Structures are given as C-alpha cells and as structure tokens.
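Please read the structure below before turning to the comments.
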Amino acid sequence: MDWKNKVIYQIYPRSFYDSSGSGIGDIEGIIQKVDYLKNLSVDYIWISPFFKSPQKDFGYDVSSYREVDPIFGSNDDLKRLVDVCHKNGLKVIIDLVLSHTSDEHPWFKQSENKANNFDDWYVWCDGDFNQPPNNWLSVFGGPSWKWSTNRGAYYLHNFLESQPDLNFHNIEVQKQMLEEIKFWLDFGIDGFRFDVINFLFHDKNFRDNPLKDPKDVRPLGFNKGNPYGLQIHKYDNTRPETEDYVKKIRSLLNRYNAISIGEIVADEPMDVIARYAKKDSLHMAYCFEFLSDDFQLDKVDEVVNLFFKKNKESWPCWSFSNHDAKRIVSRANMDSKKIMKKLLELKGNICIYQGEELGLPETIVDFDDIQDPFGKSFWPEFKGRDGCRTPMPWDSNLSYFGFSNSMPWLKHNENYKKLSVNLQEKDPDSMLNYTKKLILERKKLF
C-alpha cells in the first residue's frame with residue numbers, strides 16, 4: 001500500500017458545507033463537494049468528529065462511537081460519502097477519540113454508579129472532596145480532576161469536565177476500543193486520525209508531575225499563559241504503555257490496509273513522534289511544531305531534515321494549519337503562496353486544512369460570538385479556536401457566501417468574499433489554482 005508522502009485534506013464538517021439549511025455543515029454537504037476535492041488532487045480526506053455527541057467540545061466528546069450525530073446526517077449518509085469518494089479516487093480518514101468520552105456516554109454513567117462491570121472503565125481516584133488526588137492539570141484550564149457526588153470519588157479529565165478519561169490500564173477498555181476501530185474498518189473507512197493518542201495511559205500511582213521552569217515553556221497544543229505549560233507531563237500522559245498499545249492498533253489496521261495518523265501533544269513532541277510512528281506502530285504522527293505562534297518559515301527545512309536524520313525508521317505528517325490553530329496566513333503574516341509552496345515540498349505526509357488552499361486568514365471573533373469552551377475559559381488572553389473554524393466561502397454572490405441558506409452556527413467572515421471558491425476557480429493566478437498546481441507537482445516529486 002502506497003501511503004507515504006500523500007496529501008491529506010482536513011474537513012471540519014460543521015463549517016464545510018451545509019446542505020440542509022440548518023446552519024451546520026453536514027455529511028451530505030461533503031458529498032456535494034466531492035468534485036471540488038477530486039479537482040484538488042488530494043489523496044485522502046480527514047473528517048473531524050461526526051459521532052453522536054452533546055457537542056460541548058464539538059464532537060470530541062463522544063456519546064456513541066458507532067453513530068453519526070443527527071446534526072450531520074446518518075450512517076447511511078456516511079456510507080454514501082465513502083462510496084462516492086472511492087469512486088472518485090479519494091480515501092476517507094475519520095477522527096477517532098480514544099482517550100476520553102462524553103460524560104453522557106452510557107459507559108461513564110454505568111461506571112459512575114459502579115454498574116454492570118463498568119466500575120473500572122474510567123480513571124477514578126478516591127479522596128477528599130476538598131483535595132484533588134494530585135497536581136495534574138486540564139489542558140482547558142483548572143485541575144484535571146472532577147468530584148463525582150454519585151460515586152464519592154474523583155474522575156480524571158484531561159480536557160473539559162464533561163470529557164472523562166477512559167482507563168486503558170483495564171484490558172477490557174483496550175479490547176473495546178479496538179472493537180470501535182474494527183467497526184469502522186468493516187464499514188469501509190480507510191484510516192484514522194487518533195486524537196491526542198499519547199494521552200491514553202496515566203501513572204497508576206497518580207504521582208505529581210514535576211514543575212517546569214517558566215523559561216522552558218513552549219506552548220505546543222495549548223495556549224500561551226496556560227498553567228498546563230508549567231508542568232513536565234511525566235505522569236499524566238505519554239506513558240510507556242501507550243507504545244505497546246499502538247502496536248495492537250497497527251496490527252488491526254494492517255489486516256485492512258488502513259492507515260493511521262497520531263496527534264501528539266507532549267513536552268518533546270518530535271521525539272514522541274519518532275517512537276510512536278514507525279513500522280510496527282502508527283503509520284505517521286504530527287504535533288504542533290508548525291502550528292504554534294512562533295512559526296518561522298525559514299526554520300521549517302531545518303526541523304524536517306533533523307527529524308529524518310535522527311529518526312530513519314519513523315515517519316511524520318506535517319501541517320501548517322488545522323482546527324486547533326490560528327490560520328497560518330495570519331500567524332506567519334506572509335504570502336499564502338510562499339507558505340503553501342514550502343508545505344508541499346516537504347518529505348512526509350502533508351495535511352491541508354479546509355480553506356488553506358484559498359489563503360483564508362484567521363477570523364476575529366467577538367466574545368459574544370465565541371462558541372469554543374477553550375476560548376471562553378481563557379478570554380481575552382486566548383480567544384479560542386473559533387477563528388480558524390468559520391464557514392467556508394463557496395460563492396461570493398450568495399448569502400453567507402454559499403455555506404448555508406441559514407445563519408451559520410459560527411459567524412461567517414465578511415472579508416472572505418473576495419477569496420470565495422467561485423472567484424478563485426475562474427482566476428488562473430488564484431491561490432486555489434496555485435495550490436492545485438503544487439499538488440500535481442508534488443505527485444511527480446514523490
């Protein structure tokens with residue numbers, strides 16, 4: 001299976017295209033834009049979570065792993081999308097969150113009540129209501145422990161309080177999550193992007209994380225000024241057991257010729273990629289090295305070359321933009337064509353985030369319009385991730401630039417009008433047509 005150096009196009013479905021008039025993008029919307037994706041000449045599409053969810057973290061809080069949330073459509077719609085993509089030479093990667101679920105997942109409700117052998121499916125720790133078990137912190141702010149009155153114990157949540165962590169030290173949890181992966185492989189999915197894959201295991205003894213010197217803090221996967229950065233995350237994530245578990249995942253994927261991308265949020269992310277993404281482990285992994293606020297285009301080749309020099313058996317995936325980071329045009333503050341040219345020259349797999357091919361800048365979102373809970377927690381120092389998630393501009397002549405015929409779930413950017421797809425498709429010198437050209441050139445290079 002030839003998967004190396006391929007181009008992956010990330011779709012954030014809420015903001016891609018709304019076919020139903022709900023104001024929220026959907027699976028049918030992606031189906032209707034397959035010709036656009038085909039004409040880009042990308043190899044894979046990666047679809048951010050569409051699973052049934054209370055949407056407190058917009059799909060990264062899963063309440064049912066095997067159901068498409070009705071706001072996006074149905075499992076039948078997804079099957080049609082997969083079939084249409086395959087007929088058009090596109091493969092489909094879905095975004096799977098293994099480390100945690102929603103607190104509305106039936107597993108958590110049973111675990112909280114110690115029912116039906118689910119007692120040990122989540123990370124629970126007995127203790128004093130007024131004293132969390134240790135100093136671990138949530139990426140989204142505050143302690144990573146929440147007291148459950150029902151159970152009389154703390155549960156671990158590395159993100160929102162409504163996103164309890166599964167206990168991967170429990171072999172039944174390990175087996176179950178492999179079954180969730182297998183379900184989608186049998187469905188016809190071609191691969192997975194695994195959310196924060198290095199967060200699966202925790203230290204069984206709940207030891208305190210060591211503190212980090214503030215001058216050594218580099219925000220990669222979290223915002224500047226977040227107390228999370230002031231710890232060395234030795235015990236709450238990136239535990240050695242994870243490396244064994246990803247081998248089990250790879251063994252399952254190999255039976256289906258499916259691929260995997262791991263998201264890494266860690267203290268030394270490039271070293272973690274090297275360990276996690278190799279022959280018998282994940283196919284590839286990416287981190288926030290090029291998604292950070294200190295991005296420097298002239299340093300990219302140095303980082304990439306050093307990785308391959310040090311890690312001849314490992315394989316990376318590079319991205320300059322995604323749903324968690326400020327859009328690259330605004331971060332780098334330079335010509336979008338120059339940025340895209342560099343990205344598509346790199347050895348390794350490449351992720352392009354929807355709208356990056358149009359040169360879309362970051363949207364400034366007012367506090368009253370903020371949807372992202374991460375942004376609400378840290379406003380105004382950090383305004384969240386909504387600025388990179390605003391709706392795609394398809395047609396400059398239509399309301400909301402063709403994303404929807406109803407008011408979008410997140411306010412659209414009026415400045416995107418001149419960057420709309422319909423205008424760029426007709427302009428031979430547009431960013432869109434330049435990106436298409438670069439992707440075709442890449443296929444000859446690799």
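Identifiers in this document derive from the order of the structure tokens: chains are assigned A, B, ..., residues are numbered from 1 separately in each chain, and ligands are numbered from 1 in order of occurrence.
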
I'd like the neighbourhood of A:Val329 as a PyMOL selection string, where a residue qualifies if any of its atoms comes within 10 Å (using only C-alpha atoms), though same-chain residues fewer than 5 positions away should be ignored. chain A and resi 320-321+334-337+339-340+356+359-362

Kindly export the residues of the current selection with N, CA and C atoms, as a JSON list (two decimals), in the first residue's frame.
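Output contents, as saved in selection.json:
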```
[["chain", "number", "residue", "atom", "x", "y", "z"],
["A", 320, "PHE", "N", 0.55, 22.95, 8.58],
["A", 320, "PHE", "CA", 0.74, 24.34, 8.98],
["A", 320, "PHE", "C", -0.54, 24.93, 9.56],
["A", 321, "SER", "N", -1.67, 24.27, 9.32],
["A", 321, "SER", "CA", -2.97, 24.75, 9.82],
["A", 321, "SER", "C", -3.84, 23.56, 10.18],
["A", 334, "MET", "N", 2.63, 36.33, 5.98],
["A", 334, "MET", "CA", 3.34, 36.42, 4.70],
["A", 334, "MET", "C", 2.47, 35.83, 3.60],
["A", 335, "ASP", "N", 2.96, 35.91, 2.39],
["A", 335, "ASP", "CA", 2.20, 35.48, 1.22],
["A", 335, "ASP", "C", 1.79, 34.01, 1.31],
["A", 336, "SER", "N", 0.51, 33.74, 1.08],
["A", 336, "SER", "CA", -0.02, 32.38, 1.23],
["A", 336, "SER", "C", 0.59, 31.42, 0.21],
["A", 337, "LYS", "N", 0.94, 31.91, -0.95],
["A", 337, "LYS", "CA", 1.52, 31.03, -1.97],
["A", 337, "LYS", "C", 2.91, 30.55, -1.54],
["A", 339, "ILE", "N", 3.93, 30.16, 1.49],
["A", 339, "ILE", "CA", 3.74, 29.19, 2.59],
["A", 339, "ILE", "C", 3.34, 27.83, 2.03],
["A", 340, "MET", "N", 2.37, 27.82, 1.11],
["A", 340, "MET", "CA", 1.89, 26.55, 0.56],
["A", 340, "MET", "C", 2.99, 25.85, -0.24],
["A", 356, "GLU", "N", -7.29, 26.52, 3.60],
["A", 356, "GLU", "CA", -5.87, 26.85, 3.46],
["A", 356, "GLU", "C", -5.51, 27.01, 1.99],
["A", 359, "GLY", "N", -6.17, 30.46, 0.89],
["A", 359, "GLY", "CA", -5.42, 31.53, 1.54],
["A", 359, "GLY", "C", -6.23, 32.26, 2.58],
["A", 360, "LEU", "N", -7.18, 31.58, 3.22],
["A", 360, "LEU", "CA", -8.04, 32.25, 4.20],
["A", 360, "LEU", "C", -7.24, 32.67, 5.42],
["A", 361, "PRO", "N", -7.43, 33.91, 5.87],
["A", 361, "PRO", "CA", -6.81, 34.36, 7.12],
["A", 361, "PRO", "C", -7.68, 33.99, 8.32],
["A", 362, "GLU", "N", -7.14, 34.19, 9.50],
["A", 362, "GLU", "CA", -7.89, 33.97, 10.73],
["A", 362, "GLU", "C", -9.03, 34.97, 10.84]]
```

Using only C-alpha atoms, what does the table of stretch 266-339 of chain A residues within 9 Å of stretch 3-11 of chain A look like, with each row giving the shortest atom pair and its distance in Å to one decimal, sorted by chain and ascending number, as a tab-separated table?
```
residue	atom	partner	partner_atom	distance
A:His283	CA	A:Lys4	CA	8.7
A:Met284	CA	A:Lys4	CA	8.9
A:Trp315	CA	A:Lys4	CA	8.3
A:Cys317	CA	A:Asn5	CA	8.4
A:Asn322	CA	A:Gln10	CA	7.5
A:His323	CA	A:Gln10	CA	8.6
```

Would you list, as a PyMOL selection string, the residues of stretch 4-192 of chain A that end up in strand (DSSP E or B) under DSSP run on this structure's backbone? chain A and resi 7-11+44-47+51-52+64-68+91-96+100+122+124-125+128+131+137+143+145-148+153-156+165-166+191-192

Need the shell around A:Ser41: protein/DNA/RNA residues with any atom at most 10 Å away, counting only C-alpha atoms. Skip same-chain ones fewer than 5 positions apart. Format as a list of chain:residue names? A:Val7, A:Ile8, A:Tyr9, A:Asp35, A:Tyr36, A:Gly89, A:Leu90, A:Thr435, A:Lys436, A:Lys437, A:Leu438, A:Ile439, A:Leu440, A:Lys443

Please save C-alpha atoms of the selected residues as a PDB file, in the first residue's frame.
```pdb
ATOM      1  CA  VAL A   7      -1.688  14.764   0.677  1.00  0.00           C
ATOM      2  CA  ILE A   8      -4.496  14.713   3.241  1.00  0.00           C
ATOM      3  CA  TYR A   9      -7.247  17.332   3.223  1.00  0.00           C
ATOM      4  CA  ASP A  35     -15.875  17.129  -7.251  1.00  0.00           C
ATOM      5  CA  TYR A  36     -14.115  20.063  -5.601  1.00  0.00           C
ATOM      6  CA  GLY A  89     -10.179   8.110  -6.197  1.00  0.00           C
ATOM      7  CA  LEU A  90     -10.355   9.581  -2.697  1.00  0.00           C
ATOM      8  CA  THR A 435      -2.373  25.004  -4.787  1.00  0.00           C
ATOM      9  CA  LYS A 436      -3.756  22.585  -7.393  1.00  0.00           C
ATOM     10  CA  LYS A 437      -0.623  23.090  -9.460  1.00  0.00           C
ATOM     11  CA  LEU A 438       1.648  22.478  -6.463  1.00  0.00           C
ATOM     12  CA  ILE A 439      -0.154  19.253  -5.522  1.00  0.00           C
ATOM     13  CA  LEU A 440       0.277  17.913  -9.078  1.00  0.00           C
ATOM     14  CA  LYS A 443       2.947  13.859  -7.158  1.00  0.00           C
TER      15      LYS A 443
END
```

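For A:Phe374, the residues within 9 Å (counting only C-alpha atoms, excluding itself and residues fewer than 6 positions away along the chain) are A:Asp57, A:Val139, A:Phe140, A:Gly141, A:Leu160, A:Phe382, A:Lys383, A:Gly384, A:Arg385.
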